[in-house]
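Peer 1: File follows, run.cif with mmCIF, C-alpha atoms:
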data_model
loop_
_atom_site.label_atom_id
_atom_site.label_comp_id
_atom_site.auth_asym_id
_atom_site.auth_seq_id
_atom_site.Cartn_x
_atom_site.Cartn_y
_atom_site.Cartn_z
CA MET A 1 -79.23 -69.39 -12.60
CA ASN A 2 -79.13 -68.90 -16.35
CA GLN A 3 -76.77 -71.21 -18.18
CA THR A 4 -76.18 -71.46 -21.88
CA THR A 5 -74.79 -74.97 -21.67
CA ALA A 6 -76.36 -78.07 -20.21
CA HIS A 7 -73.61 -78.47 -17.63
CA THR A 8 -70.71 -76.42 -16.35
CA SER A 9 -67.80 -78.85 -16.30
CA GLY A 10 -66.46 -81.89 -18.08
CA THR A 11 -67.49 -84.25 -15.31
CA ALA A 12 -70.71 -84.50 -13.40
CA PRO A 13 -70.51 -83.79 -9.67
CA VAL A 14 -71.27 -86.57 -7.19
CA ALA A 15 -73.87 -86.10 -4.46
CA LEU A 16 -73.08 -88.54 -1.64
CA PHE A 17 -75.67 -89.03 1.09
CA VAL A 18 -74.44 -90.28 4.47
CA TYR A 19 -75.90 -90.82 7.90
CA ASN A 20 -74.44 -92.75 10.83
CA ARG A 21 -72.41 -95.66 9.44
CA ALA A 22 -68.77 -94.60 9.31
CA ASP A 23 -67.57 -98.01 8.09
CA HIS A 24 -69.99 -97.93 5.17
CA ALA A 25 -69.16 -94.31 4.35
CA GLN A 26 -65.43 -95.11 4.44
CA ALA A 27 -65.87 -98.04 2.01
CA THR A 28 -68.01 -95.89 -0.29
CA LEU A 29 -65.46 -93.05 -0.28
CA GLU A 30 -62.52 -95.39 -0.88
CA ALA A 31 -64.29 -96.97 -3.85
CA LEU A 32 -65.22 -93.57 -5.32
CA ARG A 33 -61.66 -92.32 -4.81
CA GLY A 34 -60.47 -95.38 -6.77
CA ASN A 35 -62.32 -94.18 -9.88
CA ALA A 36 -60.24 -92.81 -12.75
CA LEU A 37 -62.27 -89.57 -12.83
CA ALA A 38 -62.27 -88.93 -9.07
CA SER A 39 -59.61 -86.21 -9.26
CA GLU A 40 -61.73 -84.40 -11.89
CA THR A 41 -64.97 -84.71 -9.90
CA ASP A 42 -66.55 -82.30 -7.43
CA LEU A 43 -67.88 -84.25 -4.43
CA TYR A 44 -70.85 -82.91 -2.47
CA VAL A 45 -71.56 -84.78 0.75
CA PHE A 46 -74.89 -84.40 2.54
CA SER A 47 -74.75 -85.56 6.16
CA ASP A 48 -78.16 -85.69 7.82
CA GLY A 49 -78.46 -84.82 11.51
CA PRO A 50 -79.17 -87.49 14.13
CA LYS A 51 -82.74 -88.74 14.58
CA SER A 52 -82.10 -89.19 18.29
CA ASP A 53 -79.32 -89.02 20.86
CA ALA A 54 -78.68 -92.71 20.19
CA ASP A 55 -77.60 -91.83 16.63
CA ARG A 56 -75.38 -88.90 17.57
CA ALA A 57 -72.15 -90.89 18.04
CA GLY A 58 -72.54 -92.54 14.63
CA VAL A 59 -73.27 -89.22 12.91
CA ASP A 60 -70.27 -87.64 14.65
CA ALA A 61 -68.00 -90.52 13.54
CA VAL A 62 -69.10 -90.06 9.93
CA ARG A 63 -68.51 -86.31 10.13
CA LYS A 64 -65.03 -86.85 11.52
CA LEU A 65 -64.32 -89.09 8.53
CA LEU A 66 -65.66 -86.41 6.17
CA SER A 67 -63.22 -83.81 7.47
CA GLY A 68 -60.29 -85.58 5.82
CA ILE A 69 -61.59 -86.48 2.36
CA GLU A 70 -59.01 -86.21 -0.41
CA GLY A 71 -58.71 -87.36 -4.00
CA PHE A 72 -61.48 -85.28 -5.59
CA ARG A 73 -61.33 -81.95 -7.45
CA SER A 74 -63.25 -80.39 -4.57
CA VAL A 75 -65.14 -81.57 -1.51
CA ASN A 76 -68.17 -79.74 -0.14
CA VAL A 77 -69.84 -81.04 3.02
CA THR A 78 -73.31 -80.05 4.18
CA ALA A 79 -73.70 -81.19 7.80
CA ARG A 80 -77.30 -80.71 8.83
CA PRO A 81 -77.81 -79.99 12.54
CA GLU A 82 -81.19 -81.73 12.56
CA ASN A 83 -82.54 -84.81 10.85
CA ILE A 84 -84.65 -84.14 7.77
CA GLY A 85 -84.83 -87.76 6.61
CA LEU A 86 -83.33 -89.46 3.59
CA ALA A 87 -86.07 -88.50 1.11
CA GLN A 88 -85.87 -84.78 1.89
CA SER A 89 -82.08 -84.90 2.04
CA ILE A 90 -81.92 -86.44 -1.44
CA ILE A 91 -84.57 -84.15 -2.93
CA GLY A 92 -82.88 -81.04 -1.52
CA GLY A 93 -79.34 -82.16 -2.29
CA VAL A 94 -80.03 -83.27 -5.85
CA THR A 95 -82.01 -80.09 -6.53
CA GLU A 96 -79.13 -77.95 -5.25
CA ILE A 97 -76.57 -79.74 -7.40
CA VAL A 98 -78.56 -79.85 -10.65
CA GLU A 99 -79.41 -76.17 -10.27
CA ARG A 100 -75.70 -75.41 -9.98
CA HIS A 101 -74.20 -77.95 -12.41
CA GLY A 102 -77.02 -79.15 -14.68
CA ARG A 103 -76.49 -82.82 -13.84
CA VAL A 104 -75.55 -85.05 -10.93
CA ILE A 105 -74.42 -88.54 -9.98
CA VAL A 106 -76.15 -89.80 -6.82
CA ILE A 107 -74.54 -92.29 -4.43
CA GLU A 108 -75.63 -93.39 -0.96
CA ASP A 109 -73.30 -94.50 1.82
CA ASP A 110 -73.96 -98.21 1.44
CA LEU A 111 -72.73 -98.50 -2.16
CA VAL A 112 -69.28 -99.69 -3.16
CA THR A 113 -68.73 -98.61 -6.74
CA HIS A 114 -66.70 -100.20 -9.51
CA PRO A 115 -63.56 -98.27 -10.57
CA ALA A 116 -65.26 -97.33 -13.86
CA THR A 117 -68.48 -96.02 -12.27
CA LEU A 118 -67.75 -92.32 -12.75
CA THR A 119 -66.58 -92.91 -16.32
CA TYR A 120 -69.77 -94.88 -17.06
CA PHE A 121 -72.07 -92.23 -15.59
CA ASN A 122 -70.35 -89.35 -17.36
CA ARG A 123 -70.41 -91.14 -20.71
CA MET A 124 -74.07 -92.05 -20.34
CA LEU A 125 -75.02 -88.55 -19.18
CA ASP A 126 -73.34 -87.17 -22.30
CA ARG A 127 -74.80 -89.85 -24.57
CA PHE A 128 -78.43 -89.51 -23.43
CA GLU A 129 -78.52 -85.81 -22.54
CA THR A 130 -80.62 -84.95 -25.59
CA HIS A 131 -82.94 -87.96 -25.19
CA ALA A 132 -85.79 -86.42 -23.20
CA GLY A 133 -87.42 -89.83 -22.71
CA VAL A 134 -84.49 -90.97 -20.54
CA PHE A 135 -85.11 -89.72 -17.00
CA SER A 136 -82.05 -91.16 -15.33
CA ILE A 137 -79.02 -93.39 -15.74
CA GLY A 138 -78.72 -96.34 -13.36
CA ALA A 139 -75.66 -98.26 -12.23
CA TYR A 140 -77.40 -101.35 -10.92
CA SER A 141 -78.39 -104.25 -13.13
CA HIS A 142 -81.17 -106.39 -11.74
CA PRO A 143 -80.66 -110.17 -11.55
CA ALA A 144 -81.86 -112.12 -14.58
CA SER A 145 -84.67 -113.60 -12.47
CA ILE A 146 -86.15 -110.10 -12.12
CA MET A 147 -85.07 -108.36 -15.32
CA PRO A 148 -84.02 -110.94 -17.91
CA VAL A 149 -81.86 -109.73 -20.77
CA PRO A 150 -81.78 -112.06 -23.79
CA ASP A 151 -78.48 -113.84 -24.40
CA ASP A 152 -78.34 -112.41 -27.92
CA TYR A 153 -78.86 -108.80 -26.76
CA GLY A 154 -76.10 -106.94 -28.56
CA TYR A 155 -75.81 -103.71 -26.59
CA ASP A 156 -73.95 -102.56 -23.49
CA VAL A 157 -76.93 -100.76 -21.93
CA TYR A 158 -80.66 -101.32 -21.74
CA ALA A 159 -83.71 -99.34 -20.69
CA ILE A 160 -86.12 -100.24 -17.92
CA PRO A 161 -89.47 -98.55 -17.32
CA ARG A 162 -88.68 -97.39 -13.79
CA MET A 163 -85.95 -95.69 -11.82
CA GLN A 164 -83.70 -97.58 -9.45
CA CYS A 165 -81.84 -96.01 -6.54
CA TRP A 166 -78.58 -97.99 -6.26
CA GLY A 167 -76.38 -95.40 -7.90
CA TRP A 168 -78.00 -93.13 -10.46
CA ALA A 169 -77.57 -89.90 -12.37
CA THR A 170 -79.86 -87.34 -13.95
CA TRP A 171 -80.08 -83.92 -15.55
CA ARG A 172 -81.69 -80.68 -14.34
CA ASP A 173 -84.51 -80.70 -16.91
CA ARG A 174 -85.55 -84.29 -16.05
CA TRP A 175 -85.30 -83.68 -12.30
CA ALA A 176 -87.54 -80.63 -12.67
CA LYS A 177 -90.30 -82.92 -13.98
CA ALA A 178 -90.38 -85.09 -10.84
CA ASP A 179 -93.54 -84.70 -8.77
CA PHE A 180 -92.65 -85.20 -5.12
CA ALA A 181 -96.17 -84.28 -4.01
CA VAL A 182 -97.50 -87.67 -5.16
CA PRO A 183 -98.99 -89.24 -2.00
CA GLU A 184 -97.29 -92.60 -2.62
CA PHE A 185 -93.85 -90.99 -2.76
#
Give the structure from the file, written as structure tokens.
Peer 2:
Amino acid sequence: MNQTTAHTSGTAPVALFVYNRADHAQATLEALRGNALASETDLYVFSDGPKSDADRAGVDAVRKLLSGIEGFRSVNVTARPENIGLAQSIIGGVTEIVERHGRVIVIEDDLVTHPATLTYFNRMLDRFETHAGVFSIGAYSHPASIMPVPDDYGYDVYAIPRMQCWGWATWRDRWAKADFAVPEF
């Protein structure tokens, strides 16, 4: 798809990855719906198929929940008949969304977001879009025991030398540089 702009809408779409925990998915959806930009956001939900018959009831419960999602500009659900695993689901889902929209916000079904999460991600995606050295925007801040930030640090954001997966966002050109063939991936 040829695009002359970096993204196609004012807000980045959300890719939500769910599996078999309806209570977690419900909490995640309620928190996302509570964001100021939810009604301006396209939501793409990727529901992986069951790994075994034991997981089928949980997957079905999540999918029933997904059939009634409201509060977003649009809702698109991909319900996979078979299990492809979280890694392949995320790689495929993120690739699909960035190819279509140029950027994406990624949330998994065990995250409960702050009401300003979508605003934060969209602002940071806009702010750092032209900074090729920034691969992704993260929503999680590590505890001071792991990632200490000096008391006199005067900024609202900081950079870390690695990606984290507890709520993140990226752009098409950065995602295209990821090498998923690395054996340790």
Peer 1: Which residues match the PyMOL selection byres ((chain A and resi 172) around 6) in the file above, as an mmCIF file with C-alpha atoms, in the frame of the given file?
Peer 2:
data_model
loop_
_atom_site.group_PDB
_atom_site.id
_atom_site.type_symbol
_atom_site.label_atom_id
_atom_site.label_comp_id
_atom_site.auth_asym_id
_atom_site.auth_seq_id
_atom_site.Cartn_x
_atom_site.Cartn_y
_atom_site.Cartn_z
ATOM 1 C CA VAL A 98 -78.560 -79.850 -10.650
ATOM 2 C CA GLY A 102 -77.020 -79.150 -14.680
ATOM 3 C CA ARG A 103 -76.490 -82.820 -13.840
ATOM 4 C CA TRP A 171 -80.080 -83.920 -15.550
ATOM 5 C CA ASP A 173 -84.510 -80.700 -16.910
ATOM 6 C CA ARG A 174 -85.550 -84.290 -16.050
ATOM 7 C CA TRP A 175 -85.300 -83.680 -12.300
#
Peer 1: Find the residues around Gln164 in chain A up to 12 Å (all atoms listed in the file counted), leave out those fewer than 3 positions away in its own chain, and share them as a list of chain:residue names.
Peer 2: A:Val106, A:Ile107, A:Phe135, A:Ser136, A:Ile137, A:Gly138, A:Ala139, A:Tyr140, A:Ser141, A:His142, A:Ala159, A:Ile160, A:Pro161, A:Gly167, A:Trp168, A:Ala169, A:Thr170
Peer 1: With distances taken over all atoms listed in the file, which residue among A:Tyr19, A:Phe128, A:Phe121, A:Tyr153 lies nearest Leu65 in chain A?
Peer 2: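 Nearest candidate to Leu65 in chain A out of A:Tyr19, A:Phe128, A:Phe121, A:Tyr153: A:Tyr19.
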Peer 1: The PyMOL selection byres ((chain A and resi 47) around 12) - which residues does that actually catch in the file I just gave you? List them as a PyMOL selection string.
Peer 2: chain A and resi 15-22+25+44-46+48-50+56+58-67+76-86+88-90+93+108-109
Peer 1: What does the distance from CA of Gly71 in chain A to CA of Asp126 in chain A come to in Å, to one decimal?
Peer 2: 23.4 Å
Peer 1: Within 8 Å of Val75 in chain A, counting all atoms listed in the file, which residues qualify if same-chain residues fewer than 3 places away don't, as an MDAnalysis selection string?
Peer 2: chainID A and resid 42:45 69:70 72
Peer 1: Keeping only C-alpha atoms, write the selected residues as a short mmCIF file (atom, residue, chain, number, x, y, z; two decimals), keeping the file's coordinate frame.
Peer 2:
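Written file, result27.cif:
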data_model
loop_
_atom_site.label_atom_id
_atom_site.label_comp_id
_atom_site.auth_asym_id
_atom_site.auth_seq_id
_atom_site.Cartn_x
_atom_site.Cartn_y
_atom_site.Cartn_z
CA ASP A 42 -66.55 -82.30 -7.43
CA LEU A 43 -67.88 -84.25 -4.43
CA TYR A 44 -70.85 -82.91 -2.47
CA VAL A 45 -71.56 -84.78 0.75
CA ILE A 69 -61.59 -86.48 2.36
CA GLU A 70 -59.01 -86.21 -0.41
CA PHE A 72 -61.48 -85.28 -5.59
#
